[in-house]
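K.L.:
What follows is the file upload05.txt, containing compact mmCIF, C-alpha atoms (C1' of nucleotides):
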```
# COMPACT_ATOMS: atom_id res chain seq x y z
CA MET A 1252 0.97 -10.04 0.05
CA MET A 1253 0.24 -6.75 1.76
CA ARG A 1254 -3.19 -6.34 3.26
CA VAL A 1255 -4.80 -3.10 4.36
CA GLN A 1256 -7.16 -3.07 7.34
CA THR A 1257 -10.58 -1.58 6.86
CA PRO A 1258 -10.77 2.01 8.13
CA GLN A 1259 -12.83 2.64 11.26
CA SER A 1260 -14.25 6.01 10.28
CA ALA A 1261 -14.97 8.06 7.19
CA GLU A 1262 -12.34 10.56 8.36
CA GLU A 1263 -9.69 7.86 8.56
CA LEU A 1264 -10.70 6.61 5.12
CA LEU A 1265 -10.46 10.11 3.67
CA MET A 1266 -7.01 10.64 5.19
CA ARG A 1267 -5.78 7.38 3.72
CA ALA A 1268 -7.25 8.23 0.35
CA ARG A 1269 -5.67 11.69 0.39
CA ALA A 1270 -2.31 10.05 1.12
CA LEU A 1271 -2.56 8.35 -2.27
CA ALA A 1272 -2.67 11.69 -4.09
CA GLY A 1273 0.25 12.10 -6.45
CA LEU A 1274 1.10 8.41 -6.54
CA SER A 1275 1.10 6.59 -9.86
CA LEU A 1276 -0.84 3.39 -10.44
CA ALA A 1277 2.52 1.62 -10.70
CA ASP A 1278 3.50 2.94 -7.25
CA ILE A 1279 0.36 1.44 -5.72
CA ALA A 1280 0.45 -1.80 -7.69
CA GLU A 1281 4.02 -2.33 -6.55
CA GLN A 1282 2.94 -2.35 -2.92
CA PHE A 1283 0.74 -5.32 -3.67
CA GLU A 1284 3.22 -7.00 -5.99
CA LEU A 1285 0.80 -6.59 -8.88
CA SER A 1286 1.72 -5.89 -12.47
CA VAL A 1287 -0.01 -3.06 -14.30
CA PRO A 1288 -1.78 -4.13 -17.50
CA ARG A 1289 -0.83 -2.27 -20.67
CA ASN A 1290 -4.36 -0.93 -20.92
CA LEU A 1291 -7.80 -1.49 -19.43
CA ARG A 1292 -9.39 -3.00 -22.50
CA ARG A 1293 -9.52 -6.48 -21.08
CA GLU A 1294 -9.50 -5.52 -17.39
CA LYS A 1295 -11.89 -2.64 -17.15
CA GLY A 1296 -12.20 -2.85 -13.39
CA TRP A 1297 -8.51 -3.09 -12.65
CA GLN A 1298 -8.03 0.41 -11.30
CA GLY A 1299 -11.10 0.23 -9.10
CA GLN A 1300 -10.09 -3.10 -7.65
CA LEU A 1301 -6.55 -1.88 -6.99
CA ILE A 1302 -7.84 1.13 -5.09
CA GLU A 1303 -10.26 -1.06 -3.11
CA ARG A 1304 -7.28 -3.03 -1.87
CA ALA A 1305 -5.24 0.06 -1.16
CA LEU A 1306 -8.00 1.47 1.03
CA GLY A 1307 -9.11 -1.76 2.69
CA ALA A 1308 -12.56 -2.09 1.15
CA SER A 1309 -14.28 -5.23 2.35
CA SER A 1310 -17.52 -5.82 0.50
CA GLY A 1311 -16.18 -7.60 -2.54
CA SER A 1312 -19.00 -8.20 -4.98
CA LEU A 1313 -21.71 -8.03 -2.32
CA ALA A 1314 -24.66 -5.76 -3.07
CA GLN A 1315 -23.80 -3.15 -0.45
CA ALA A 1316 -21.56 -0.13 0.02
CA ASP A 1317 -17.82 -0.75 -0.08
CA PHE A 1318 -17.44 0.29 3.54
CA PRO A 1319 -20.76 -0.78 5.08
CA ASP A 1320 -19.75 -0.05 8.68
CA ILE A 1321 -19.04 3.59 7.96
CA GLY A 1322 -21.59 3.98 5.15
CA VAL A 1323 -19.21 4.99 2.37
CA GLU A 1324 -19.11 3.87 -1.24
CA LEU A 1325 -15.77 4.11 -3.06
CA LYS A 1326 -15.64 5.22 -6.69
CA THR A 1327 -12.61 5.84 -8.82
CA LEU A 1328 -13.32 8.72 -11.16
CA PRO A 1329 -11.53 8.88 -14.52
CA ILE A 1330 -10.46 12.48 -15.10
CA ASP A 1331 -9.34 14.08 -18.36
CA GLN A 1332 -6.65 16.71 -18.87
CA HIS A 1333 -9.13 19.44 -17.97
CA GLY A 1334 -9.99 17.82 -14.66
CA LEU A 1335 -13.39 16.60 -15.79
CA PRO A 1336 -14.86 13.09 -15.49
CA THR A 1337 -14.71 11.19 -18.79
CA GLU A 1338 -17.23 8.46 -18.06
CA SER A 1339 -20.56 7.78 -16.43
CA THR A 1340 -20.42 6.07 -13.05
CA TRP A 1341 -21.70 2.59 -12.30
CA VAL A 1342 -23.96 2.46 -9.25
CA CYS A 1343 -25.66 -0.91 -8.87
CA ILE A 1344 -27.79 -3.54 -10.52
CA ALA A 1345 -31.50 -2.81 -10.93
CA ASN A 1346 -34.19 -5.15 -9.64
CA LEU A 1347 -36.36 -5.90 -12.67
CA MET A 1348 -38.78 -8.12 -10.67
CA PRO A 1349 -39.99 -5.79 -7.92
CA THR A 1350 -42.78 -7.13 -5.72
CA HIS A 1351 -43.78 -3.74 -4.43
CA ALA A 1352 -42.94 -0.08 -4.91
CA GLU A 1353 -39.62 0.54 -3.23
CA ARG A 1354 -39.04 3.61 -1.11
CA TRP A 1355 -36.07 5.73 -2.12
CA GLN A 1356 -34.42 5.60 1.28
CA ASP A 1357 -34.72 1.81 1.37
CA SER A 1358 -33.11 1.37 -2.03
CA LEU A 1359 -29.65 0.11 -2.84
CA VAL A 1360 -29.11 3.18 -5.01
CA TYR A 1361 -29.67 5.41 -1.97
CA GLU A 1362 -27.47 3.20 0.20
CA LYS A 1363 -24.62 3.54 -2.29
CA LEU A 1364 -24.96 7.23 -3.07
CA LYS A 1365 -25.70 8.71 0.35
CA ARG A 1366 -21.95 9.08 0.87
CA VAL A 1367 -19.31 8.53 -1.80
CA LEU A 1368 -15.55 8.77 -1.67
CA TRP A 1369 -14.51 9.93 -5.14
CA LEU A 1370 -10.92 9.13 -6.03
CA PRO A 1371 -9.81 10.88 -9.22
CA VAL A 1372 -7.46 8.97 -11.53
CA GLN A 1373 -5.90 10.47 -14.65
CA ASP A 1374 -7.56 9.18 -17.81
CA ASP A 1375 -5.50 10.30 -20.79
CA ASP A 1376 -4.54 8.11 -23.74
CA ASN A 1377 -1.23 9.95 -23.95
CA ILE A 1378 -0.17 8.71 -20.50
CA PRO A 1379 0.72 5.03 -20.08
CA LEU A 1380 -1.57 3.36 -17.55
CA ALA A 1381 1.26 2.68 -15.11
CA GLU A 1382 2.20 6.37 -15.02
CA ARG A 1383 -1.27 7.76 -14.44
CA ARG A 1384 -1.59 9.51 -11.11
CA ILE A 1385 -4.13 9.65 -8.33
CA GLY A 1386 -5.75 12.98 -7.53
CA SER A 1387 -7.08 14.38 -4.27
CA ALA A 1388 -9.95 12.34 -2.86
CA LEU A 1389 -13.33 13.93 -2.23
CA LEU A 1390 -15.84 12.73 0.36
CA TRP A 1391 -19.23 13.74 -0.99
CA GLN A 1392 -22.79 13.64 0.26
CA PRO A 1393 -25.56 14.74 -2.09
CA ASP A 1394 -26.97 18.13 -1.13
CA ALA A 1395 -30.73 18.59 -0.88
CA GLN A 1396 -31.11 19.48 -4.54
CA GLN A 1397 -28.96 16.61 -5.76
CA MET A 1398 -30.74 14.17 -3.49
CA GLN A 1399 -34.12 15.28 -4.76
CA ARG A 1400 -32.96 14.87 -8.35
CA LEU A 1401 -31.66 11.37 -7.67
CA GLU A 1402 -34.82 10.36 -5.85
CA GLN A 1403 -37.08 11.59 -8.60
CA ASP A 1404 -35.11 9.79 -11.31
CA PHE A 1405 -35.04 6.63 -9.22
CA LEU A 1406 -38.78 6.67 -8.56
CA GLU A 1407 -39.64 7.34 -12.21
CA LEU A 1408 -37.39 4.56 -13.48
CA THR A 1409 -38.43 1.99 -10.89
CA GLU A 1410 -42.09 2.77 -11.40
CA ARG A 1411 -41.77 1.98 -15.08
CA ILE A 1412 -39.96 -1.24 -14.26
CA ALA A 1413 -42.73 -2.20 -11.85
CA LEU A 1414 -45.32 -1.43 -14.53
CA GLY A 1415 -43.63 -3.89 -16.87
CA GLU A 1416 -42.16 -1.21 -19.14
CA VAL A 1417 -38.45 -1.89 -18.71
CA GLU A 1418 -37.98 -2.52 -22.42
CA SER A 1419 -39.26 0.95 -23.20
CA ILE A 1420 -36.69 2.59 -20.93
CA SER A 1421 -33.56 3.84 -22.70
CA ALA A 1422 -30.44 5.55 -21.41
CA HIS A 1423 -32.05 8.83 -22.47
CA HIS A 1424 -34.34 8.75 -19.44
CA GLY A 1425 -33.35 10.37 -16.16
CA GLN A 1426 -31.48 13.60 -15.55
CA ALA A 1427 -28.91 12.35 -13.01
CA LEU A 1428 -29.54 8.61 -12.91
CA GLN A 1429 -29.93 6.47 -15.99
CA LEU A 1430 -30.72 2.82 -16.63
CA ARG A 1431 -28.40 0.94 -18.99
CA PRO A 1432 -27.49 -2.64 -19.90
CA LYS A 1433 -25.16 -4.38 -17.49
CA ALA A 1434 -24.06 -7.77 -18.71
CA ALA A 1435 -21.18 -9.74 -20.13
CA ASN A 1436 -22.83 -9.61 -23.53
CA ARG A 1437 -26.07 -9.30 -25.45
CA LYS A 1438 -27.00 -12.95 -24.86
CA VAL A 1439 -27.34 -12.64 -21.10
CA LEU A 1440 -31.00 -12.57 -20.13
CA THR A 1441 -32.83 -12.23 -16.84
CA ASP A 1442 -36.44 -12.19 -15.67
CA ALA A 1443 -38.30 -8.90 -15.75
CA ARG A 1444 -41.86 -7.71 -15.38
CA GLY A 1445 -43.54 -7.37 -18.75
CA PRO A 1446 -46.88 -6.00 -19.98
CA ASP A 1447 -50.11 -7.18 -18.35
CA GLY A 1448 -48.49 -9.04 -15.48
CA THR A 1449 -46.35 -11.25 -17.69
CA ILE A 1450 -42.74 -12.17 -17.02
CA ILE A 1451 -40.27 -11.60 -19.82
CA LYS A 1452 -36.59 -12.27 -20.45
CA THR A 1453 -34.47 -9.17 -20.97
CA LEU A 1454 -30.94 -7.84 -20.59
CA PRO A 1455 -29.93 -7.14 -17.00
CA ARG A 1456 -29.87 -3.40 -16.32
CA GLY A 1457 -27.98 -1.23 -13.90
CA PHE A 1458 -28.18 2.31 -12.58
CA TYR A 1459 -25.48 4.76 -13.62
CA LEU A 1460 -24.77 8.37 -12.75
CA ARG A 1461 -24.65 10.54 -15.85
CA ARG A 1462 -21.31 12.13 -16.66
CA SER A 1463 -22.95 15.55 -16.55
CA PHE A 1464 -24.02 14.88 -12.97
CA THR A 1465 -20.56 13.89 -11.72
CA ILE A 1466 -19.08 16.88 -13.55
CA SER A 1467 -21.39 19.12 -11.53
CA VAL A 1468 -20.39 17.32 -8.32
CA ILE A 1469 -16.70 17.87 -9.02
CA GLN A 1470 -17.14 21.49 -10.07
CA GLN A 1471 -19.20 22.22 -6.98
CA HIS A 1472 -16.18 21.27 -4.88
CA LEU A 1473 -13.84 23.47 -6.86
CA LEU A 1474 -15.79 26.51 -5.73
C1' DT B 48 -17.29 15.29 -29.52
C1' DC B 49 -20.50 12.96 -26.66
C1' DC B 50 -23.50 9.42 -25.38
C1' DT B 51 -25.77 5.01 -25.48
C1' DG B 52 -25.70 0.33 -25.80
C1' DA B 53 -22.33 -3.41 -25.52
C1' DT B 54 -18.71 -5.62 -23.38
C1' DC B 55 -14.53 -7.66 -20.27
C1' DA B 56 -12.53 -9.76 -15.89
C1' DT B 57 -13.14 -11.45 -11.23
C1' DG B 58 -15.00 -13.53 -6.91
C1' DG B 59 -18.47 -15.79 -4.13
C1' DC C 981 -25.11 -17.42 -12.06
C1' DC C 982 -25.03 -12.80 -10.33
C1' DA C 983 -23.03 -8.62 -8.60
C1' DT C 984 -18.82 -6.29 -8.30
C1' DG C 985 -15.07 -3.25 -10.61
C1' DA C 986 -15.82 -0.36 -14.85
C1' DT C 987 -14.39 1.15 -20.07
C1' DC C 988 -15.07 0.30 -25.01
C1' DA C 989 -16.63 1.59 -29.51
C1' DG C 990 -19.74 3.00 -32.96
C1' DG C 991 -23.45 6.05 -34.16
C1' DA C 992 -25.92 10.43 -33.37
```
Please re-express this file's structure in structure tokens.
P.N.:
Amino acid sequence: MMRVQTPQSAEELLMRARALAGLSLADIAEQFELSVPRNLRREKGWQGQLIERALGASSGSLAQADFPDIGVELKTLPIDQHGLPTESTWVCIANLMPTHAERWQDSLVYEKLKRVLWLPVQDDDNIPLAERRIGSALLWQPDAQQMQRLEQDFLELTERIALGEVESISAHHGQALQLRPKAANRKVLTDARGPDGTIIKTLPRGFYLRRSFTISVIQQHLL
DNA sequence: TCCTGATCATGG
DNA sequence: CCATGATCAGGA
């Protein structure tokens, strides 16, 4: 089984990612002797995990960036026929039992989003999964305005969690970041702060980047 | 058509 | 069990 060494710098990672441009998912899967599923319905993370292997990501399911030594998070980005992202982007699990107000720059959300390697992958029902191609990778750091937007959303959402109001937060909140369920199913429950200092059981939640936000990120780099 | 809430597989 | 990789699918 082929194994890719972890890149030593963001520049090396970007070069390797750019070298994948134009390849199909079947091309990459073949290098690892993996078969391509017919669709992603039962293996939603398949593409992301394939690309992690192809680029030598090391973190597995640890709660840290994919390339902790060089401070880069890897995200595949499903792209439609117009070149626009089709889905929101998973960031990380949310702590629903905070013991104190967390500072933005100490947060896992910040750690993951301070530098992201976006790897576009065709997402078009008319193209069989195996034939979908990789686009040109983009190494992105939020600009001042984007960072401010992310921080404000993060602080507003986490403050409500800390106040015991998680169950009143819907995916409608937040301009760039949103809080949504993140679980195998509706029956999964975890501890959260509730009203008046109580502890309640609720669905685990995670932070996601809105589709509209990643669209603006991609379009910014087309200019 | 788009978005929110729900869901699927895997590894440690 | 929890966090990772995400996409699915129905309702607005």
K.L.:
Based on all atoms listed in the file, which of the residues in chain B come within 6 Å of chain A? I want them as a PyMOL selection string.
P.N.:
chain B and resi 54-56
K.L.:
Quick one: residues within 8 Å of A:Val1342, only C-alpha atoms (C1' of nucleotides), excluding same-chain residues fewer than 4 positions away - as a list in words?
P.N.:
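Close residues of A:Val1342: Val1360, Lys1363, Leu1364, Gly1457, Phe1458, Tyr1459 and Leu1460 of chain A.
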K.L.:
What does the distance from atom CA of A:Pro1258 to atom CA of A:Pro1371 come to in Å, to one decimal?
P.N.:
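Between atom CA of A:Pro1258 and atom CA of A:Pro1371 the gap is 19.5 Å.
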K.L.:
In Å, how far is it from atom CA of A:Ser1387 to atom CA of A:Leu1401?
P.N.:
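Atom CA of A:Leu1401 lies 25.0 Å from atom CA of A:Ser1387.
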K.L.:
Mind listing as a ChimeraX atom specification which residues of chain C are within 7 Å of chain A, counting only C-alpha atoms (C1' of nucleotides)?
P.N.:
/C:983-987
K.L.:
In Å to one decimal, how far is atom CA of A:Gln1429 from atom C1' of C:DG991?
P.N.:
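Pair atom C1' of C:DG991 / atom CA of A:Gln1429 returns 19.3 Å.
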K.L.:
Can you pull out every residue within 12 Å of stretch 1278-1284 of chain A, counting all atoms listed in the file, but drop anything in the same chain fewer than 3 positions away, and send it as a list in words?
P.N.:
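Counting all atoms listed in the file, the residues come to Met1252, Met1253, Arg1254, Val1255, Ala1268, Ala1270, Leu1271, Ala1272, Gly1273, Leu1274, Ser1275, Val1287, Pro1288, Trp1297, Gln1298, Gly1299, Gln1300, Leu1301, Ile1302, Glu1303, Arg1304, Ala1305, Leu1306, Leu1380, Ala1381, Glu1382, Arg1383, Arg1384 and Ile1385 of chain A.
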K.L.:
Around (-21.3, 11.4, -28.7) in the file's frame, which residues reach within 10 Å when counting all atoms listed in the file? Return as an MDAnalysis selection string?
P.N.:
(chainID B and resid 48:51) or (chainID C and resid 990:992)
